[in-house]
file target_0.txt (compact mmCIF, C-alpha atoms)
# COMPACT_ATOMS: atom_id res chain seq x y z
CA MET A 1 60.08 26.68 -52.87
CA TRP A 2 57.76 26.92 -55.84
CA ILE A 3 54.89 24.85 -57.20
CA TYR A 4 53.84 24.97 -60.84
CA ASP A 5 50.31 26.14 -61.70
CA LYS A 6 49.08 24.59 -64.93
CA LYS A 7 47.77 27.85 -66.38
CA LEU A 8 49.07 31.05 -67.96
CA GLN A 9 48.59 34.21 -65.90
CA TYR A 10 46.74 35.71 -68.89
CA PRO A 11 45.55 33.79 -71.98
CA VAL A 12 47.64 33.60 -75.17
CA ASN A 13 45.74 32.41 -78.28
CA ILE A 14 47.42 33.41 -81.54
CA LYS A 15 45.79 32.20 -84.74
CA THR A 16 48.35 33.39 -87.33
CA PRO A 17 52.04 32.41 -87.11
CA ASP A 18 54.45 35.29 -87.68
CA PRO A 19 58.13 34.39 -87.24
CA LYS A 20 59.31 37.97 -87.81
CA THR A 21 57.25 39.13 -84.83
CA ALA A 22 58.48 36.15 -82.79
CA LYS A 23 62.06 37.29 -83.34
CA ILE A 24 61.17 40.72 -81.92
CA ILE A 25 59.12 39.52 -78.94
CA ILE A 26 61.67 36.95 -77.75
CA THR A 27 63.70 39.91 -76.52
CA GLN A 28 61.29 40.06 -73.55
CA LEU A 29 62.53 36.60 -72.61
CA GLY A 30 66.26 36.88 -73.25
CA GLY A 31 66.89 40.57 -73.88
CA PRO A 32 68.38 43.25 -71.61
CA ASP A 33 65.03 44.20 -70.02
CA GLY A 34 63.29 40.84 -70.32
CA GLU A 35 61.23 38.83 -67.88
CA LEU A 36 63.91 36.20 -67.22
CA GLY A 37 66.29 38.85 -65.91
CA ALA A 38 63.49 40.53 -63.95
CA ALA A 39 62.38 37.35 -62.15
CA ASN A 40 65.91 36.44 -61.11
CA ARG A 41 66.85 40.00 -60.19
CA TYR A 42 63.97 40.35 -57.73
CA LEU A 43 64.18 36.86 -56.27
CA ASN A 44 67.94 37.19 -55.73
CA GLN A 45 67.70 40.66 -54.22
CA ARG A 46 65.47 39.36 -51.42
CA TYR A 47 68.22 37.90 -49.26
CA SER A 48 69.91 41.20 -48.46
CA MET A 49 66.67 43.14 -48.03
CA PRO A 50 66.44 44.03 -44.32
CA TYR A 51 62.70 44.86 -44.20
CA SER A 52 60.12 42.12 -44.38
CA LYS A 53 57.45 44.02 -46.35
CA THR A 54 60.01 44.66 -49.06
CA VAL A 55 60.99 40.98 -49.08
CA GLY A 56 57.30 40.16 -49.57
CA ILE A 57 57.00 42.57 -52.51
CA LEU A 58 60.15 41.16 -54.15
CA THR A 59 58.91 37.58 -53.62
CA ASP A 60 55.53 38.27 -55.17
CA ILE A 61 56.76 40.33 -58.12
CA GLY A 62 59.65 37.92 -58.79
CA THR A 63 57.20 35.03 -58.83
CA GLU A 64 54.88 36.89 -61.20
CA GLU A 65 57.82 37.58 -63.53
CA LEU A 66 58.47 33.83 -63.72
CA ALA A 67 54.89 33.51 -64.98
CA HIS A 68 55.64 36.25 -67.53
CA THR A 69 58.59 34.28 -68.94
CA GLU A 70 56.07 31.54 -69.66
CA MET A 71 53.67 33.98 -71.37
CA ILE A 72 56.44 35.33 -73.62
CA ALA A 73 57.52 31.77 -74.42
CA ALA A 74 53.89 30.89 -75.25
CA ILE A 75 53.64 33.89 -77.61
CA VAL A 76 56.90 32.96 -79.38
CA TYR A 77 55.85 29.31 -79.54
CA GLN A 78 52.48 30.12 -81.10
CA LEU A 79 54.03 32.58 -83.55
CA THR A 80 56.44 29.91 -84.84
CA ARG A 81 54.11 26.92 -85.21
CA ASN A 82 53.70 25.12 -88.55
CA LEU A 83 56.18 27.25 -90.49
CA SER A 84 57.27 26.38 -94.00
CA MET A 85 60.95 26.69 -94.95
CA ASP A 86 59.98 29.52 -97.30
CA GLU A 87 58.33 31.46 -94.46
CA ILE A 88 61.40 30.92 -92.28
CA LYS A 89 63.75 32.24 -94.96
CA ALA A 90 61.58 35.16 -96.06
CA SER A 91 60.90 36.41 -92.51
CA GLY A 92 64.50 36.60 -91.34
CA PHE A 93 63.75 33.95 -88.71
CA ASP A 94 66.40 31.79 -90.41
CA THR A 95 69.20 33.26 -88.28
CA TYR A 96 67.45 32.03 -85.12
CA PHE A 97 66.28 28.80 -86.75
CA VAL A 98 69.78 27.68 -87.67
CA ASP A 99 70.83 27.52 -84.01
CA HIS A 100 67.59 26.70 -82.18
CA THR A 101 65.10 25.42 -84.82
CA THR A 102 61.75 26.45 -83.27
CA GLY A 103 62.79 25.76 -79.68
CA ILE A 104 62.55 28.57 -77.12
CA TYR A 105 66.00 29.96 -76.28
CA PRO A 106 66.50 33.27 -74.44
CA VAL A 107 68.07 35.81 -76.79
CA SER A 108 67.57 39.49 -77.46
CA ALA A 109 65.90 40.68 -80.66
CA ALA A 110 69.40 41.15 -82.09
CA GLY A 111 70.23 37.51 -81.26
CA ILE A 112 72.51 38.10 -78.26
CA PRO A 113 72.12 35.25 -75.75
CA PHE A 114 70.75 36.04 -72.27
CA ASP A 115 73.23 37.73 -69.95
CA ALA A 116 73.12 37.23 -66.15
CA LYS A 117 74.37 40.82 -65.75
CA THR A 118 70.68 41.77 -65.98
CA PHE A 119 70.18 40.27 -62.51
CA ALA A 120 71.84 43.40 -61.10
CA VAL A 121 72.05 42.58 -57.39
CA LYS A 122 74.05 45.20 -55.45
CA GLY A 123 73.21 44.14 -51.89
CA ASP A 124 72.07 47.64 -50.87
CA PRO A 125 68.30 48.21 -50.55
CA ILE A 126 68.23 51.75 -51.99
CA ALA A 127 70.48 50.83 -54.91
CA ASP A 128 68.54 47.63 -55.64
CA LEU A 129 65.07 49.17 -55.41
CA VAL A 130 66.01 52.13 -57.62
CA GLU A 131 67.41 49.60 -60.11
CA ASP A 132 64.05 47.79 -59.99
CA LEU A 133 62.07 50.98 -60.61
CA ALA A 134 64.21 51.69 -63.68
CA ALA A 135 63.94 48.06 -64.82
CA GLU A 136 60.14 48.20 -64.79
CA GLN A 137 60.19 51.41 -66.86
CA LYS A 138 62.67 49.92 -69.35
CA ALA A 139 60.48 46.84 -69.75
CA ARG A 140 57.45 49.11 -70.20
CA VAL A 141 59.25 50.98 -73.01
CA THR A 142 60.13 47.68 -74.68
CA TYR A 143 56.46 46.68 -74.62
CA ASP A 144 55.53 50.12 -75.99
CA ASN A 145 57.97 49.54 -78.85
CA ILE A 146 56.59 46.05 -79.50
CA LEU A 147 53.11 47.59 -79.71
CA ARG A 148 54.47 50.08 -82.29
CA LEU A 149 55.78 47.18 -84.39
CA VAL A 150 52.95 44.63 -84.13
CA ASP A 151 49.40 44.88 -85.54
CA ASP A 152 47.87 41.45 -84.81
CA PRO A 153 45.31 41.92 -81.98
CA ASP A 154 45.92 38.31 -80.81
CA VAL A 155 49.52 39.32 -80.07
CA ARG A 156 48.82 42.85 -78.87
CA ASP A 157 46.31 41.73 -76.24
CA PRO A 158 48.69 39.72 -74.00
CA ILE A 159 51.47 42.26 -74.69
CA LYS A 160 49.19 45.03 -73.41
CA PHE A 161 48.53 42.99 -70.27
CA LEU A 162 52.27 42.55 -69.70
CA ARG A 163 52.87 46.27 -70.29
CA GLU A 164 50.26 47.11 -67.68
CA ARG A 165 51.94 44.82 -65.14
CA GLU A 166 55.17 46.84 -65.57
CA LEU A 167 53.26 49.93 -64.47
CA VAL A 168 51.76 48.16 -61.46
CA HIS A 169 55.15 46.75 -60.46
CA PHE A 170 56.68 50.22 -60.76
CA GLN A 171 54.05 51.45 -58.29
CA ARG A 172 54.72 48.58 -55.89
CA PHE A 173 58.49 49.12 -56.03
CA GLY A 174 57.71 52.76 -55.25
CA ASP A 175 55.98 51.48 -52.10
CA ALA A 176 59.01 49.31 -51.31
CA LEU A 177 61.40 52.27 -51.67
CA SER A 178 59.25 54.46 -49.46
CA ILE A 179 58.96 51.69 -46.82
CA THR A 180 62.76 51.36 -46.87
CA GLN A 181 63.33 55.09 -46.58
CA ASP A 182 60.89 55.28 -43.65
CA TYR A 183 63.26 53.04 -41.68
CA LEU A 184 66.26 55.20 -42.44
CA ASN A 185 67.18 58.54 -40.96
CA SER A 186 66.14 60.90 -43.74
CA LYS A 187 69.38 62.82 -43.40
CA ASN A 188 71.37 59.67 -44.02
CA PHE A 189 69.67 57.72 -46.83
CA TYR A 190 72.96 57.25 -48.58
CA ALA A 191 75.31 57.24 -45.59
CA PHE A 192 75.26 53.51 -44.93
CA ASN A 193 73.96 50.22 -46.24
CA PRO A 194 71.22 48.87 -43.94
CA ALA A 195 71.65 45.40 -45.44
CA PHE A 196 75.25 45.29 -44.21
CA ASP A 197 75.87 47.94 -41.55
CA LYS A 198 74.32 47.50 -38.10
CA CYS A 199 72.62 50.90 -37.98
CA GLY A 200 69.29 51.38 -39.72
CA LYS A 201 68.31 47.79 -39.11
CA PRO A 202 66.08 47.68 -36.02
CA SER A 203 66.02 44.28 -34.32
CA SER A 204 62.25 44.16 -34.79
CA SER A 205 62.49 44.96 -38.50
CA LYS A 206 61.52 41.46 -39.57
CA LYS A 207 58.16 41.89 -37.94
CA ARG A 208 57.36 45.16 -39.66
CA MET B 1 65.25 22.01 -29.25
CA THR B 2 62.42 22.15 -31.72
CA THR B 3 59.85 24.90 -31.71
CA GLU B 4 56.17 24.27 -32.46
CA ARG B 5 56.60 26.27 -35.67
CA ALA B 6 59.47 24.06 -36.84
CA ARG B 7 57.58 20.92 -35.84
CA LEU B 8 54.44 21.85 -37.80
CA LEU B 9 56.51 23.03 -40.75
CA ARG B 10 58.38 19.70 -40.81
CA GLN B 11 55.04 17.91 -41.16
CA VAL B 12 54.23 20.05 -44.21
CA GLN B 13 57.72 19.50 -45.66
CA ASN B 14 57.59 15.74 -45.13
CA HIS B 15 54.20 15.22 -46.78
CA SER B 16 54.91 17.79 -49.47
CA PHE B 17 58.16 16.01 -50.39
CA ALA B 18 56.38 12.65 -50.39
CA LEU B 19 53.87 14.16 -52.85
CA ASN B 20 56.74 15.49 -54.97
CA GLU B 21 58.36 12.09 -55.16
CA ALA B 22 55.13 10.21 -55.84
CA ALA B 23 54.00 12.68 -58.51
CA LEU B 24 57.37 12.53 -60.25
CA TYR B 25 57.18 8.73 -60.33
CA LEU B 26 53.54 8.76 -61.48
CA ASP B 27 54.43 11.06 -64.41
CA GLY B 28 56.27 8.10 -65.92
CA HIS B 29 54.09 5.33 -64.42
CA PRO B 30 50.54 6.72 -64.44
CA ASP B 31 48.91 3.28 -64.05
CA ASN B 32 50.81 2.19 -60.95
CA GLN B 33 48.04 1.71 -58.38
CA LYS B 34 50.37 1.40 -55.41
CA ALA B 35 52.05 4.71 -56.19
CA ARG B 36 48.66 6.29 -56.79
CA ALA B 37 47.32 5.10 -53.43
CA TYR B 38 50.46 6.46 -51.76
CA PHE B 39 49.97 9.84 -53.48
CA ASP B 40 46.33 10.03 -52.38
CA LYS B 41 47.20 9.15 -48.79
CA GLN B 42 50.05 11.68 -48.64
CA ARG B 43 47.81 14.33 -50.16
CA GLU B 44 45.33 13.98 -47.27
CA LEU B 45 48.16 14.18 -44.72
CA TRP B 46 49.65 17.18 -46.53
CA LYS B 47 46.32 19.04 -46.57
CA GLN B 48 45.92 18.51 -42.82
CA ALA B 49 49.52 19.54 -42.13
CA VAL B 50 49.06 22.75 -44.15
CA ALA B 51 45.82 23.55 -42.31
CA ASP B 52 47.51 22.99 -38.92
CA TYR B 53 50.50 25.17 -39.81
CA GLU B 54 48.53 28.02 -41.35
CA GLU B 55 46.06 28.12 -38.46
CA ALA B 56 48.92 28.83 -36.08
CA PHE B 57 51.54 30.65 -38.15
CA GLY B 58 49.85 32.21 -41.19
CA PRO B 59 49.86 31.56 -44.92
CA LEU B 60 52.31 29.23 -46.69
CA THR B 61 51.22 30.35 -50.16
CA GLN B 62 49.93 33.64 -51.50
CA ASN B 63 46.52 32.20 -52.36
CA SER B 64 45.90 30.23 -49.18
CA ARG B 65 44.81 32.13 -46.12
CA ALA B 66 45.76 35.77 -46.18
CA SER B 67 46.14 36.24 -42.46
CA THR B 68 46.75 34.66 -39.10
CA ALA B 69 44.02 34.13 -36.49
CA SER B 70 44.21 37.83 -35.50
CA GLY B 71 42.94 38.82 -38.95
CA ALA B 72 45.95 41.00 -39.81
CA TRP B 73 47.51 40.69 -43.29
CA SER B 74 50.56 38.55 -42.66
CA TRP B 75 51.78 37.25 -46.02
CA ALA B 76 54.78 39.59 -46.00
CA ASP B 77 55.73 38.89 -42.36
CA GLY B 78 59.01 37.19 -41.49
CA PRO B 79 60.74 35.01 -40.68
CA TRP B 80 61.58 34.04 -44.28
CA PRO B 81 62.59 30.46 -45.14
CA TRP B 82 66.26 31.28 -45.80
CA GLU B 83 66.80 32.83 -42.36
CA GLY B 84 67.00 29.40 -40.72
CA GLU B 85 64.82 28.06 -37.91
CA LYS B 86 65.10 29.45 -34.42

call {"tool": "encode", "arguments": {"input": "target_0.txt", "output": "structure tokens"}}
result
Amino acid sequence: MWIYDKKLQYPVNIKTPDPKTAKIIITQLGGPDGELGAANRYLNQRYSMPYSKTVGILTDIGTEELAHTEMIAAIVYQLTRNLSMDEIKASGFDTYFVDHTTGIYPVSAAGIPFDAKTFAVKGDPIADLVEDLAAEQKARVTYDNILRLVDDPDVRDPIKFLRERELVHFQRFGDALSITQDYLNSKNFYAFNPAFDKCGKPSSSKKR
Amino acid sequence: MTTERARLLRQVQNHSFALNEAALYLDGHPDNQKARAYFDKQRELWKQAVADYEEAFGPLTQNSRASTASGAWSWADGPWPWEGEK
């Protein structure tokens, strides 16, 4: 189970509202490579992961991604505070506003609602971990692109933190993949699914 | 048959759930002294239950104690909660 910590993982303090930027950044909540998909992908992949260290890595990264959904929401919230109707119309935020006012709803930058397909659970450790490595890189690229589009240092600072976490998570998923491959016969990485087939899953695996 | 692990964990679950319930009620009734006293009492019992469990079986949360009595890093050790109790 989870317990809520009344703090952000990294501070978000934005002085100047900017609804146009909000509409871009919300993609890291509800978009194809966003934090909501990441958190649920990792937490749901845990159950079929046969090696305990890898379960630990997925638990910890999945939990951190939940905290990142809150950071993105905080950024969007602060960017859309105290807006006038003129600012809403001029910025293009009106297409979001009409459906959600200034509430936080997970959509991509193009306005497509969150899709659970981003959870991407295959139930095979190699397939799932390689998916996770790619997911971290795709999220990193999205943050790179946000940094190309946004100048406000108040916004860039927490975005840079989040970008850095994608790199760290990529490294840790690299560890998880190598731990998994160490358990498998190197000639047969792709010959069976150790989450489902009996072979490749030593009885003591949970302790390792 | 109940193992020592399951027994100590049940203590944590019981007091933790009592805290959950009391806190949820107090959110809407912050001035209720009876509920507040219950929360405070359960919180002491919960703290002791967590200490007893972690001493014997390792950390319940990432930020609590990193290891078991042996000193080895044990946060990522199984069994995991969804595997069921043995």

call {"tool": "closest_atom_pairs", "arguments": {"input": "target_0.txt", "of": "chain B", "to": "chain A", "cutoff": "12 Å", "atoms": "only C-alpha atoms", "output": "Markdown table"}}
result
| residue | atom | partner | partner_atom | distance |
| --- | --- | --- | --- | --- |
| B:Gln13 | CA | A:Met1 | CA | 10.4 |
| B:Ser16 | CA | A:Ile3 | CA | 10.5 |
| B:Phe17 | CA | A:Met1 | CA | 11.1 |
| B:Leu19 | CA | A:Ile3 | CA | 11.6 |
| B:Asn20 | CA | A:Ile3 | CA | 9.8 |
| B:Leu60 | CA | A:Met1 | CA | 10.3 |
| B:Thr61 | CA | A:Trp2 | CA | 9.3 |
| B:Gln62 | CA | A:Asp60 | CA | 8.1 |
| B:Asn63 | CA | A:Asp60 | CA | 11.2 |
| B:Trp73 | CA | A:Lys53 | CA | 10.9 |
| B:Ser74 | CA | A:Lys53 | CA | 9.5 |
| B:Trp75 | CA | A:Gly56 | CA | 7.2 |
| B:Ala76 | CA | A:Gly56 | CA | 4.4 |
| B:Asp77 | CA | A:Ser52 | CA | 5.8 |
| B:Gly78 | CA | A:Lys206 | CA | 5.3 |
| B:Pro79 | CA | A:Lys206 | CA | 6.6 |
| B:Trp80 | CA | A:Ser52 | CA | 8.2 |
| B:Pro81 | CA | A:Met1 | CA | 9.0 |
| B:Trp82 | CA | A:Tyr47 | CA | 7.7 |
| B:Glu83 | CA | A:Tyr47 | CA | 8.7 |

call {"tool": "residues_near_point", "arguments": {"input": "target_0.txt", "point": "(63.8, 35.8, -63.8)", "cutoff": "10 Å", "atoms": "all atoms listed in the file", "output": "ChimeraX atom specification"}}
result
/A:29-30,34-44,62-69,116,118-119

call {"tool": "write_last_selection", "arguments": {"input": "target_0.txt", "atoms": "C-alpha atoms", "output": "PDB file, keeping the file's coordinate frame"}}
result
ATOM      1  CA  LEU A  29      62.530  36.600 -72.610  1.00  0.00           C
ATOM      2  CA  GLY A  30      66.260  36.880 -73.250  1.00  0.00           C
ATOM      3  CA  GLY A  34      63.290  40.840 -70.320  1.00  0.00           C
ATOM      4  CA  GLU A  35      61.230  38.830 -67.880  1.00  0.00           C
ATOM      5  CA  LEU A  36      63.910  36.200 -67.220  1.00  0.00           C
ATOM      6  CA  GLY A  37      66.290  38.850 -65.910  1.00  0.00           C
ATOM      7  CA  ALA A  38      63.490  40.530 -63.950  1.00  0.00           C
ATOM      8  CA  ALA A  39      62.380  37.350 -62.150  1.00  0.00           C
ATOM      9  CA  ASN A  40      65.910  36.440 -61.110  1.00  0.00           C
ATOM     10  CA  ARG A  41      66.850  40.000 -60.190  1.00  0.00           C
ATOM     11  CA  TYR A  42      63.970  40.350 -57.730  1.00  0.00           C
ATOM     12  CA  LEU A  43      64.180  36.860 -56.270  1.00  0.00           C
ATOM     13  CA  ASN A  44      67.940  37.190 -55.730  1.00  0.00           C
ATOM     14  CA  GLY A  62      59.650  37.920 -58.790  1.00  0.00           C
ATOM     15  CA  THR A  63      57.200  35.030 -58.830  1.00  0.00           C
ATOM     16  CA  GLU A  64      54.880  36.890 -61.200  1.00  0.00           C
ATOM     17  CA  GLU A  65      57.820  37.580 -63.530  1.00  0.00           C
ATOM     18  CA  LEU A  66      58.470  33.830 -63.720  1.00  0.00           C
ATOM     19  CA  ALA A  67      54.890  33.510 -64.980  1.00  0.00           C
ATOM     20  CA  HIS A  68      55.640  36.250 -67.530  1.00  0.00           C
ATOM     21  CA  THR A  69      58.590  34.280 -68.940  1.00  0.00           C
ATOM     22  CA  ALA A 116      73.120  37.230 -66.150  1.00  0.00           C
ATOM     23  CA  THR A 118      70.680  41.770 -65.980  1.00  0.00           C
ATOM     24  CA  PHE A 119      70.180  40.270 -62.510  1.00  0.00           C
TER      25      PHE A 119
END

call {"tool": "atom_distance", "arguments": {"input": "target_0.txt", "atom1": "CA of Pro194 in chain A", "atom2": "CA of Pro50 in chain A"}}
result
6.8 Å

call {"tool": "residues_around", "arguments": {"input": "target_0.txt", "residues": "range 37-44 of chain B", "least_positions_apart": "3", "cutoff": "8 Å", "atoms": "only C-alpha atoms", "output": "PyMOL selection string"}}
result
chain B and resi 15-16+18-19+22-23+33-34+47-48

call {"tool": "atom_distance", "arguments": {"input": "target_0.txt", "atom1": "CA of Arg156 in chain A", "atom2": "CA of Glu70 in chain A"}}
result
16.3 Å

call {"tool": "residues_around", "arguments": {"input": "target_0.txt", "residues": "Ala109 in chain A", "least_positions_apart": "6", "cutoff": "9 Å", "atoms": "all atoms listed in the file", "output": "ChimeraX atom specification"}}
result
/A:22-28,30-31

call {"tool": "residues_around", "arguments": {"input": "target_0.txt", "residues": "Met49 in chain A", "least_positions_apart": "4", "cutoff": "8 Å", "atoms": "all atoms listed in the file", "output": "PyMOL selection string"}}
result
chain A and resi 45+54-55+123-125+195

call {"tool": "atom_distance", "arguments": {"input": "target_0.txt", "atom1": "CA of Lys20 in chain A", "atom2": "CA of Gly103 in chain A"}}
result
15.1 Å

call {"tool": "closest_residue", "arguments": {"input": "target_0.txt", "among": "B:Trp46, B:Pro59, B:Ala72, B:Glu85", "to": "Gln11 in chain B", "atoms": "all atoms listed in the file"}}
result
B:Trp46

call {"tool": "residues_around", "arguments": {"input": "target_0.txt", "residues": "range 162-169 of chain A", "least_positions_apart": "3", "cutoff": "9 Å", "atoms": "only C-alpha atoms", "output": "MDAnalysis selection string"}}
result
chainID A and resid 10 61 68 71 132:133 135:144 157:159 172:174

call {"tool": "closest_residue", "arguments": {"input": "target_0.txt", "among": "A:Lys198, A:Arg81, A:Lys122, A:Lys117", "to": "Pro19 in chain A", "atoms": "only C-alpha atoms"}}
result
A:Arg81

call {"tool": "residues_near_point", "arguments": {"input": "target_0.txt", "point": "(61.1, 27.0, -83.3)", "cutoff": "8 Å", "atoms": "only C-alpha atoms", "output": "MDAnalysis selection string"}}
result
chainID A and resid 77 80:81 97 100:104

call {"tool": "residues_around", "arguments": {"input": "target_0.txt", "residues": "Pro11 in chain A", "least_positions_apart": "2", "cutoff": "10 Å", "atoms": "only C-alpha atoms", "output": "list in words"}}
result
Lys7, Leu8, Gln9, Asn13, Ile14, Met71, Ala74, Ile75, Asp154, Asp157, Pro158 and Phe161 of chain A
